[in-house]
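data-v9.cif, holding mmCIF, C-alpha atoms:
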```cif
data_my_file
#
loop_
_atom_site.label_atom_id
_atom_site.label_comp_id
_atom_site.auth_asym_id
_atom_site.auth_seq_id
_atom_site.Cartn_x
_atom_site.Cartn_y
_atom_site.Cartn_z
CA MET A 1 -23.61 176.34 46.18
CA SER A 2 -20.66 174.19 45.11
CA LYS A 3 -17.57 173.75 47.31
CA PRO A 4 -15.19 175.68 44.97
CA GLU A 5 -17.58 178.64 44.95
CA ALA A 6 -17.77 178.65 48.77
CA GLU A 7 -13.96 178.58 49.05
CA GLU A 8 -13.73 181.44 46.56
CA ILE A 9 -16.19 183.54 48.57
CA THR A 10 -14.27 182.79 51.80
CA THR A 11 -11.01 183.85 50.17
CA GLU A 12 -12.60 187.08 48.97
CA VAL A 13 -13.90 187.83 52.49
CA VAL A 14 -10.45 187.28 53.99
CA VAL A 15 -8.87 189.56 51.40
CA VAL A 16 -11.47 192.26 52.04
CA ASN A 17 -10.93 192.01 55.81
CA GLU A 18 -7.16 192.34 55.37
CA GLN A 19 -7.65 195.36 53.14
CA GLU A 20 -9.97 196.96 55.70
CA GLU A 21 -7.42 196.35 58.50
CA ALA A 22 -4.66 197.86 56.38
CA HIS A 23 -6.88 200.87 55.62
CA ASP A 24 -7.74 201.31 59.31
CA GLN A 25 -4.08 201.07 60.27
CA HIS A 26 -3.12 203.65 57.64
CA HIS A 27 -5.66 206.16 58.97
CA HIS A 28 -5.43 205.28 62.67
CA PRO A 29 -5.03 208.41 64.83
CA TYR A 30 -2.04 206.80 66.60
CA ALA A 31 -0.25 205.85 63.38
CA PHE A 32 3.24 207.34 63.27
CA HIS A 33 2.68 209.17 59.99
CA VAL A 34 -0.60 210.62 61.30
CA SER A 35 0.30 211.91 64.77
CA GLY A 36 4.08 211.51 64.95
CA PRO A 37 6.70 214.27 64.56
CA ARG A 38 6.80 215.98 61.18
CA ASN A 39 10.29 217.43 60.90
CA VAL A 40 12.48 214.75 62.48
CA ALA A 41 14.72 212.95 60.03
CA SER A 42 15.79 209.33 60.38
CA PRO A 43 19.48 208.76 61.17
CA ASN A 44 21.84 208.62 58.19
CA TRP A 45 25.58 208.53 57.47
CA ARG A 46 25.82 212.28 58.20
CA ASP A 47 25.15 211.51 61.86
CA LEU A 48 28.62 209.99 62.02
CA ILE A 49 29.99 213.51 61.46
CA ASN A 50 27.41 215.60 63.29
CA SER A 51 25.10 213.49 65.44
CA SER A 52 21.46 214.57 65.71
CA TRP A 53 21.41 213.04 69.19
CA LYS A 54 23.53 215.91 70.47
CA ASP A 55 20.55 218.19 69.80
CA THR A 56 18.44 218.27 72.97
CA ASN A 57 15.25 218.85 70.97
CA TYR A 58 15.92 215.81 68.80
CA LYS A 59 16.69 213.63 71.81
CA ARG A 60 13.52 214.77 73.63
CA THR A 61 11.41 214.10 70.54
CA VAL A 62 12.76 210.61 69.89
CA ILE A 63 12.51 209.51 73.52
CA ALA A 64 8.91 210.78 73.68
CA CYS A 65 8.20 208.68 70.56
CA PHE A 66 9.67 205.64 72.30
CA ILE A 67 7.30 206.14 75.23
CA GLN A 68 4.37 206.44 72.82
CA ALA A 69 5.44 203.09 71.41
CA VAL A 70 4.95 201.47 74.84
CA TYR A 71 1.39 202.77 75.05
CA LEU A 72 0.79 201.26 71.61
CA LEU A 73 2.41 197.94 72.51
CA GLU A 74 -0.28 197.50 75.13
CA LEU A 75 -3.05 198.70 72.81
CA ASP A 76 -1.80 196.34 70.08
CA ARG A 77 -1.98 193.51 72.61
CA GLN A 78 -5.48 194.43 73.75
CA GLU A 79 -6.79 194.71 70.20
CA ASN A 80 -5.02 191.56 68.98
CA ARG A 81 -3.17 193.28 66.16
CA THR A 82 -0.87 191.20 64.03
CA GLU A 83 2.73 192.03 63.19
CA GLU A 84 1.53 193.52 59.90
CA THR A 85 -1.13 195.73 61.45
CA ALA A 86 0.59 196.65 64.73
CA LEU A 87 1.19 200.36 65.35
CA ALA A 88 3.95 200.33 67.97
CA ALA A 89 6.97 199.37 65.84
CA LYS A 90 6.50 202.36 63.55
CA TRP A 91 7.48 204.60 66.47
CA TRP A 92 10.99 203.14 66.92
CA VAL A 93 11.97 201.68 63.52
CA PRO A 94 12.60 205.10 61.83
CA PHE A 95 15.23 205.87 64.47
CA LYS A 96 17.09 202.55 63.98
CA TYR A 97 16.03 200.90 67.21
CA LYS A 98 14.49 197.50 67.85
CA LEU A 99 12.39 195.93 70.59
CA ALA A 100 14.58 193.89 72.92
CA GLN A 101 12.23 193.21 75.84
CA THR A 102 8.75 194.03 77.07
CA LEU A 103 8.01 194.60 80.76
CA ILE A 104 4.91 192.70 81.86
CA ASP A 105 2.73 193.35 84.90
CA GLU A 106 2.15 189.86 86.32
CA ARG A 107 -1.13 190.99 87.88
CA ASP A 108 -2.97 191.42 84.59
CA GLY A 109 -0.48 190.52 81.87
CA SER A 110 -0.35 194.09 80.56
CA ILE A 111 2.71 195.68 78.96
CA PHE A 112 3.82 198.71 80.98
CA GLY A 113 7.35 199.16 79.69
CA ALA A 114 9.88 198.14 77.08
CA ILE A 115 13.60 198.09 76.40
CA LEU A 116 14.57 199.39 72.96
CA GLU A 117 18.09 198.78 71.70
CA TRP A 118 20.15 200.27 68.88
CA ASP A 119 19.53 198.16 65.77
CA ARG A 120 22.96 197.77 64.25
CA SER A 121 21.74 195.70 61.29
CA ALA A 122 19.14 198.30 60.27
CA ALA A 123 21.72 201.05 60.67
CA MET A 124 24.30 199.22 58.55
CA ALA A 125 21.72 198.84 55.78
CA ASP A 126 21.61 202.66 55.58
CA LEU A 127 25.43 202.98 55.70
CA ILE A 128 25.48 204.03 59.36
CA LEU A 129 28.58 202.11 60.34
CA MET A 130 28.51 202.95 64.02
CA ARG A 131 26.12 204.31 66.64
CA PRO A 132 25.96 208.14 66.48
CA SER A 133 27.49 210.03 69.37
CA GLY A 134 24.90 210.66 72.09
CA ALA A 135 22.54 207.89 70.96
CA PRO A 136 21.91 205.49 73.87
CA ARG A 137 22.70 201.83 73.37
CA ALA A 138 19.43 200.98 75.11
CA VAL A 139 16.39 202.91 76.37
CA LEU A 140 14.00 201.66 79.04
CA THR A 141 10.63 203.38 78.57
CA LEU A 142 7.58 203.27 80.84
CA ARG A 143 4.05 204.29 79.96
CA GLY A 144 1.49 206.04 82.12
CA THR A 145 -2.14 205.27 82.88
CA LEU A 146 -4.31 203.73 80.17
CA LEU A 147 -8.03 204.15 80.80
CA LYS A 148 -8.89 200.90 79.03
CA SER A 149 -10.59 198.14 81.00
CA PRO A 150 -7.95 195.37 80.62
CA THR A 151 -5.24 197.39 82.42
CA MET A 152 -7.10 200.33 83.97
CA ARG A 153 -7.53 198.69 87.39
CA ARG A 154 -3.81 198.09 87.95
CA ASP A 155 -2.84 201.48 86.52
CA ILE A 156 -5.22 203.30 88.85
CA GLU A 157 -4.08 201.12 91.75
CA ASP A 158 -0.54 202.45 91.27
CA ASP A 159 -1.86 205.99 90.76
CA LEU A 160 -3.55 205.77 94.15
CA ARG A 161 -0.41 204.26 95.65
CA PHE A 162 1.55 207.36 94.64
CA LEU A 163 -1.27 209.71 95.61
CA THR A 164 -1.40 208.22 99.10
CA TRP A 165 2.21 207.41 99.90
CA GLU A 166 4.23 209.39 97.32
CA SER A 167 6.07 206.14 96.64
CA LEU A 168 5.76 203.36 94.07
CA LYS A 169 8.22 200.92 95.62
CA GLY A 170 5.40 198.64 96.76
CA SER A 171 4.30 198.01 93.17
CA VAL A 172 5.42 194.93 91.23
CA ARG A 173 6.21 197.30 88.35
CA PHE A 174 8.89 199.05 90.38
CA LYS A 175 10.69 195.78 91.03
CA VAL A 176 10.46 194.66 87.40
CA ALA A 177 11.65 198.02 86.06
CA LEU A 178 14.54 198.22 88.54
CA GLU A 179 15.75 194.71 87.71
CA ALA A 180 15.48 195.41 83.97
CA LEU A 181 17.45 198.67 84.25
CA LYS A 182 20.16 197.04 86.38
CA SER A 183 20.48 194.22 83.85
CA VAL A 184 20.81 196.48 80.81
CA ALA A 185 23.19 198.84 82.67
CA ASP A 186 25.41 195.88 83.55
CA ARG A 187 25.36 194.73 79.95
CA TYR A 188 26.10 198.02 78.20
CA GLY A 189 27.36 200.32 80.94
CA SER A 190 25.25 202.92 82.72
CA ASN A 191 26.59 205.71 80.50
CA ASN A 192 25.13 203.96 77.42
CA VAL A 193 21.63 203.53 78.86
CA CYS A 194 18.74 205.85 79.69
CA ILE A 195 15.32 205.51 81.32
CA ALA A 196 12.23 207.53 80.44
CA GLY A 197 8.57 207.66 81.35
CA HIS A 198 5.38 209.66 81.02
CA SER A 199 2.90 210.47 83.80
CA LEU A 200 2.72 207.41 86.08
CA GLY A 201 5.61 205.96 84.08
CA ALA A 202 7.64 209.08 84.87
CA GLY A 203 6.95 208.48 88.56
CA PHE A 204 8.36 204.96 88.24
CA ALA A 205 11.32 206.20 86.16
CA LEU A 206 12.18 208.83 88.79
CA GLN A 207 12.12 206.37 91.66
CA VAL A 208 13.96 203.64 89.75
CA GLY A 209 16.63 206.12 88.62
CA LYS A 210 16.92 207.40 92.18
CA ALA A 211 17.31 203.85 93.52
CA MET A 212 20.14 203.26 91.04
CA ALA A 213 21.79 206.56 91.97
CA LYS A 214 21.77 205.53 95.63
CA GLU A 215 23.97 202.61 94.59
CA GLY A 216 26.31 204.95 92.74
CA ILE A 217 25.00 203.95 89.28
CA TYR A 218 23.90 207.01 87.33
CA VAL A 219 21.55 206.55 84.38
CA GLU A 220 20.32 209.38 82.16
CA THR A 221 16.67 209.99 83.05
CA HIS A 222 13.88 211.78 81.14
CA LEU A 223 10.56 212.43 82.88
CA PHE A 224 7.54 213.73 80.95
CA ASN A 225 4.66 215.15 83.04
CA PRO A 226 5.87 213.44 86.24
CA PRO A 227 3.27 213.27 89.03
CA SER A 228 3.79 215.91 91.70
CA VAL A 229 0.57 215.80 93.72
CA SER A 230 0.13 213.42 96.65
CA LEU A 231 -1.67 213.28 99.96
CA ALA A 232 1.64 212.74 101.74
CA MET A 233 3.10 215.88 100.19
CA SER A 234 0.00 217.90 101.07
CA LEU A 235 0.19 216.78 104.71
CA ARG A 236 3.91 217.56 104.79
CA ASN A 237 3.29 221.04 103.39
CA MET A 238 0.60 221.61 106.00
CA GLY A 239 3.03 220.52 108.69
CA GLU A 240 5.73 222.87 107.39
CA LYS A 241 3.32 225.80 107.35
CA ALA A 242 2.13 224.99 110.86
CA GLY A 243 5.73 224.76 112.04
CA PHE A 244 6.58 228.10 110.46
CA ALA A 245 3.52 229.73 112.05
CA TRP A 246 4.54 228.36 115.42
CA LYS A 247 8.07 229.73 115.03
CA ARG A 248 6.68 233.14 114.12
CA PHE A 249 4.36 233.05 117.11
CA LYS A 250 7.15 231.93 119.44
CA SER A 251 9.43 234.72 118.22
CA MET A 252 6.80 237.27 119.28
CA LEU A 253 6.75 235.97 122.87
CA PRO A 254 8.97 237.68 125.50
CA MET A 255 12.04 235.64 126.39
CA SER A 256 14.37 235.82 129.40
CA SER A 257 17.96 236.84 128.78
CA GLU A 258 19.20 233.40 129.86
CA THR A 259 16.92 231.62 127.41
CA GLN A 260 17.91 234.02 124.64
CA VAL A 261 21.63 233.38 125.17
CA SER A 262 21.08 229.63 125.21
CA SER A 263 18.97 229.80 122.03
CA ASP A 264 21.51 231.97 120.21
CA ALA A 265 24.34 229.62 121.18
CA GLY A 266 22.40 226.63 119.91
CA GLU A 267 21.60 228.31 116.58
CA LYS A 268 25.26 229.28 116.12
CA THR A 269 26.38 225.71 116.81
CA LEU A 270 23.79 224.34 114.35
CA GLY A 271 24.72 226.90 111.75
CA LEU A 272 28.44 226.11 112.00
CA GLY A 273 27.73 222.38 111.81
CA LEU A 274 25.68 222.76 108.63
CA LYS A 275 28.16 225.15 107.06
CA ASN A 276 30.90 222.60 107.61
CA TRP A 277 28.71 219.77 106.28
CA VAL A 278 27.13 221.25 103.15
CA PRO A 279 30.37 221.93 101.19
CA GLN A 280 31.43 218.33 101.80
CA LEU A 281 28.60 217.07 99.58
CA LYS A 282 30.78 217.63 96.55
CA ASN A 283 33.62 215.64 98.07
CA TYR A 284 31.46 212.61 98.75
CA GLY A 285 30.63 212.12 95.08
CA VAL A 286 26.91 212.61 95.68
CA GLY A 287 24.35 211.84 93.01
CA LEU A 288 23.76 215.52 92.37
CA GLU A 289 26.87 215.77 90.22
CA LYS A 290 26.36 212.57 88.25
CA TRP A 291 22.59 212.05 88.21
CA VAL A 292 20.65 215.04 86.93
CA PRO A 293 17.18 213.94 85.73
CA HIS A 294 15.47 215.89 82.95
CA LEU A 295 11.89 216.91 83.81
CA TYR A 296 9.42 218.17 81.19
CA VAL A 297 6.39 219.87 82.73
CA ASN A 298 3.48 221.98 81.57
CA ASN A 299 2.23 224.80 83.79
CA SER A 300 -1.38 223.98 82.83
CA ASP A 301 -1.03 220.36 83.95
CA TYR A 302 -2.13 220.17 87.58
CA ILE A 303 -0.53 216.72 87.92
CA CYS A 304 3.03 217.97 87.36
CA CYS A 305 2.93 221.76 87.75
CA SER A 306 4.04 221.65 91.42
CA TYR A 307 7.58 221.01 90.18
CA THR A 308 7.75 224.64 89.10
CA HIS A 309 7.19 225.97 92.62
CA PRO A 310 10.44 227.45 93.95
CA GLU A 311 11.85 226.64 97.36
CA GLY A 312 10.01 228.78 99.91
CA LYS A 313 11.76 231.66 101.63
CA GLU A 314 9.65 231.67 104.76
CA GLU A 315 12.46 230.18 106.80
CA ASN A 316 16.19 229.78 106.63
CA ASN A 317 16.83 226.71 104.44
CA THR A 318 20.18 226.05 106.10
CA SER A 319 18.32 224.69 109.11
CA LYS A 320 16.44 222.07 107.07
CA GLU A 321 17.54 218.47 106.70
CA ASN A 322 16.76 218.40 102.98
CA VAL A 323 18.90 221.35 102.03
CA GLY A 324 19.07 221.88 98.31
CA PRO A 325 22.18 221.64 96.16
CA THR A 326 24.81 224.27 96.77
CA ASN A 327 28.01 225.53 95.17
CA GLY A 328 26.36 225.82 91.77
CA GLN A 329 25.21 222.20 91.65
CA VAL A 330 21.97 221.42 89.81
CA ALA A 331 19.53 218.87 91.21
CA ALA A 332 17.61 218.50 87.92
CA LYS A 333 17.06 220.10 84.54
CA LEU A 334 13.51 221.39 84.53
CA PHE A 335 12.00 222.22 81.13
CA VAL A 336 8.75 224.16 81.41
CA LYS A 337 6.15 224.65 78.71
CA SER A 338 4.06 227.78 79.17
CA LYS A 339 1.47 228.37 76.46
CA GLY A 340 -1.31 230.20 78.23
CA LYS A 341 -4.19 228.26 79.65
CA GLN A 342 -4.67 224.78 78.15
CA LYS A 343 -7.13 221.99 78.72
CA PHE A 344 -5.86 219.27 81.01
CA LEU A 345 -5.76 216.47 78.41
CA GLU A 346 -3.71 218.66 76.10
CA ALA A 347 -1.39 219.86 78.85
CA HIS A 348 -0.83 216.32 80.18
CA GLY A 349 -0.56 214.65 76.79
CA LEU A 350 2.64 213.11 75.43
CA GLU A 351 2.16 214.41 71.89
CA GLN A 352 3.01 217.99 72.91
CA TRP A 353 6.65 217.01 73.49
CA TRP A 354 7.30 216.35 69.80
CA SER A 355 5.13 219.12 68.34
CA ASP A 356 6.75 221.53 65.87
CA ASP A 357 5.72 224.70 67.71
CA LEU A 358 7.00 223.60 71.11
CA GLU A 359 8.67 226.36 73.10
CA LEU A 360 10.44 225.35 76.28
CA GLN A 361 12.09 227.33 79.01
CA LEU A 362 14.91 225.79 81.03
CA ALA A 363 14.17 226.65 84.64
CA VAL A 364 17.16 226.47 86.93
CA HIS A 365 15.53 227.87 90.04
CA ASN A 366 15.60 225.97 93.30
CA SER A 367 12.52 223.73 93.06
CA LYS A 368 11.10 222.79 96.43
CA LEU A 369 9.59 219.52 95.19
CA ILE A 370 12.75 218.42 93.38
CA ASN A 371 14.74 219.04 96.55
CA MET A 372 12.29 216.93 98.54
CA GLN A 373 12.33 214.13 95.96
CA LEU A 374 16.11 213.98 95.83
CA LYS A 375 17.02 214.84 99.42
CA SER A 376 18.13 211.27 100.19
CA LEU A 377 20.83 211.59 97.53
CA TYR A 378 22.52 214.49 99.30
CA SER A 379 24.73 212.20 101.40
CA LEU A 380 25.70 209.23 99.28
CA PRO A 381 28.80 207.04 99.21
CA ALA A 382 31.31 207.37 96.39
CA PRO A 383 29.90 206.51 92.95
CA GLN A 384 30.49 203.18 91.23
CA GLN A 385 30.43 203.57 87.46
CA THR A 386 29.45 200.30 85.77
CA GLN A 387 31.41 199.12 82.80
CA GLY A 388 29.62 197.60 79.84
CA LYS A 389 30.63 196.12 76.57
CA ALA A 390 31.92 198.40 73.89
CA PRO A 391 29.06 199.69 71.72
#
```
What would the structure in this file look like if it were written as structure tokens?
Amino acid sequence: MSKPEAEEITTEVVVVNEQEEAHDQHHHPYAFHVSGPRNVASPNWRDLINSSWKDTNYKRTVIACFIQAVYLLELDRQENRTEETALAAKWWVPFKYKLAQTLIDERDGSIFGAILEWDRSAAMADLILMRPSGAPRAVLTLRGTLLKSPTMRRDIEDDLRFLTWESLKGSVRFKVALEALKSVADRYGSNNVCIAGHSLGAGFALQVGKAMAKEGIYVETHLFNPPSVSLAMSLRNMGEKAGFAWKRFKSMLPMSSETQVSSDAGEKTLGLGLKNWVPQLKNYGVGLEKWVPHLYVNNSDYICCSYTHPEGKEENNTSKENVGPTNGQVAAKLFVKSKGKQKFLEAHGLEQWWSDDLELQLAVHNSKLINMQLKSLYSLPAPQQTQGKAP
């Protein structure tokens, strides 16, 4: 075989391989046009008059797409996809955003998060002269667990960390995400930034957002299927039940009149102290008023369904340290999907949050788990709103 013929065959093989990759990308189950939202329009000049971002369903859908993009950034990396065949970008480009930074886990080099920023150039090309009202200047998104060998070990390590301690602060990902959010909030202003995550990523987003709120910096937070089950929580619940049983048992025992008077006086003093303290929460500028995370949970998902459990009425909540918000304050916006019994993978999946037939119920009841998660915010110093550059 002559040299020109060999080169011609090689060229044909390369062309065929590129065509096969393009075909695979076009029919990939994670391609945006295959599994993405069907009835969500890209921004246009009309958004300057009536912004789609003011629609809570639109905002939820787009942010869920941004989280999906982070999953695909890691899969693109693992499968060595090129810029032409990569899947991730298709999940943010239609909404006029661009990739500004990827968050890397130094333990295995995996991508666990990303910062997406408003793409002014792309918007100007479609005659969108300014960012629509309600559209964040930047979004920090965090993915959940990927059961793929290159990153599975570190993902599960953090899953077990939360399961055991109900905290992710010991993970390198927490530190990286917190530093990234602080940086982007300083650059654009906390009111122009939001953080979002799914599953394990929602756990990180909740704790990072909470850490910022403790410093008086309030960032809009969206949590999809956040983890709610941990060994620490189970032990705490067992302790609460045991304590309640002991109180019930003690109340059935005969008491001397002197002891009764002393006990009543103590309860009255405690009650007055708490009554004087609780209304002052509003005056201290606590995070409850400024930081209200949005939680999206599915009743069939055993990982996050505990968020729907209301605060128990077995005992008087005014005697508990982690009293819930009062005076009409809301600790979080809890959106619950109830669609009968679903399989776990479907109930825990991210795709459900942009589906056309999604029906959500805004639950405003007093969630026991939310109160426990946010109890440390109930006595904060005055807030410090960061100022960023004009959008």
List, as a PDB file with C-alpha atoms, in the frame of the given file, every residue that the PyMOL selection byres ((chain A and resi 93) around 12) selects in the file provided.
```pdb
ATOM      1  CA  PHE A  32       3.240 207.340  63.270  1.00  0.00           C
ATOM      2  CA  SER A  42      15.790 209.330  60.380  1.00  0.00           C
ATOM      3  CA  PRO A  43      19.480 208.760  61.170  1.00  0.00           C
ATOM      4  CA  VAL A  62      12.760 210.610  69.890  1.00  0.00           C
ATOM      5  CA  CYS A  65       8.200 208.680  70.560  1.00  0.00           C
ATOM      6  CA  PHE A  66       9.670 205.640  72.300  1.00  0.00           C
ATOM      7  CA  ALA A  69       5.440 203.090  71.410  1.00  0.00           C
ATOM      8  CA  LEU A  87       1.190 200.360  65.350  1.00  0.00           C
ATOM      9  CA  ALA A  88       3.950 200.330  67.970  1.00  0.00           C
ATOM     10  CA  ALA A  89       6.970 199.370  65.840  1.00  0.00           C
ATOM     11  CA  LYS A  90       6.500 202.360  63.550  1.00  0.00           C
ATOM     12  CA  TRP A  91       7.480 204.600  66.470  1.00  0.00           C
ATOM     13  CA  TRP A  92      10.990 203.140  66.920  1.00  0.00           C
ATOM     14  CA  PRO A  94      12.600 205.100  61.830  1.00  0.00           C
ATOM     15  CA  PHE A  95      15.230 205.870  64.470  1.00  0.00           C
ATOM     16  CA  LYS A  96      17.090 202.550  63.980  1.00  0.00           C
ATOM     17  CA  TYR A  97      16.030 200.900  67.210  1.00  0.00           C
ATOM     18  CA  LYS A  98      14.490 197.500  67.850  1.00  0.00           C
ATOM     19  CA  LEU A  99      12.390 195.930  70.590  1.00  0.00           C
ATOM     20  CA  LEU A 116      14.570 199.390  72.960  1.00  0.00           C
ATOM     21  CA  GLU A 117      18.090 198.780  71.700  1.00  0.00           C
ATOM     22  CA  TRP A 118      20.150 200.270  68.880  1.00  0.00           C
ATOM     23  CA  ASP A 119      19.530 198.160  65.770  1.00  0.00           C
ATOM     24  CA  ARG A 120      22.960 197.770  64.250  1.00  0.00           C
ATOM     25  CA  SER A 121      21.740 195.700  61.290  1.00  0.00           C
ATOM     26  CA  ALA A 122      19.140 198.300  60.270  1.00  0.00           C
ATOM     27  CA  ALA A 123      21.720 201.050  60.670  1.00  0.00           C
TER      28      ALA A 123
END
```
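With only C-alpha atoms as the atoms that count, the residue of A:Arg153, A:His348, A:Arg60, A:Lys368 with the shortest distance to Ala332 of chain A is A:Lys368.
Put simply, the PyMOL selection byres ((chain A and resi 194) around 9) in this file takes in Pro136, Arg137, Ala138, Val139, Leu140, Thr141, Leu181, Ala185, Ser190, Asn191, Asn192, Val193, Ile195, Ala196, Val219, Glu220, Thr221 and His222 of chain A.
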> Which distance in Å separates atom CA of Ile370 of chain A and atom CA of Thr164 of chain A, to one decimal?
Replying inline: 18.4 Å
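Each of A:Leu147, A:Ala100, A:Ala202, A:Ala211 was checked against Lys169 of chain A using all atoms listed in the file; the smallest atom-to-atom distance is that of A:Ala211.
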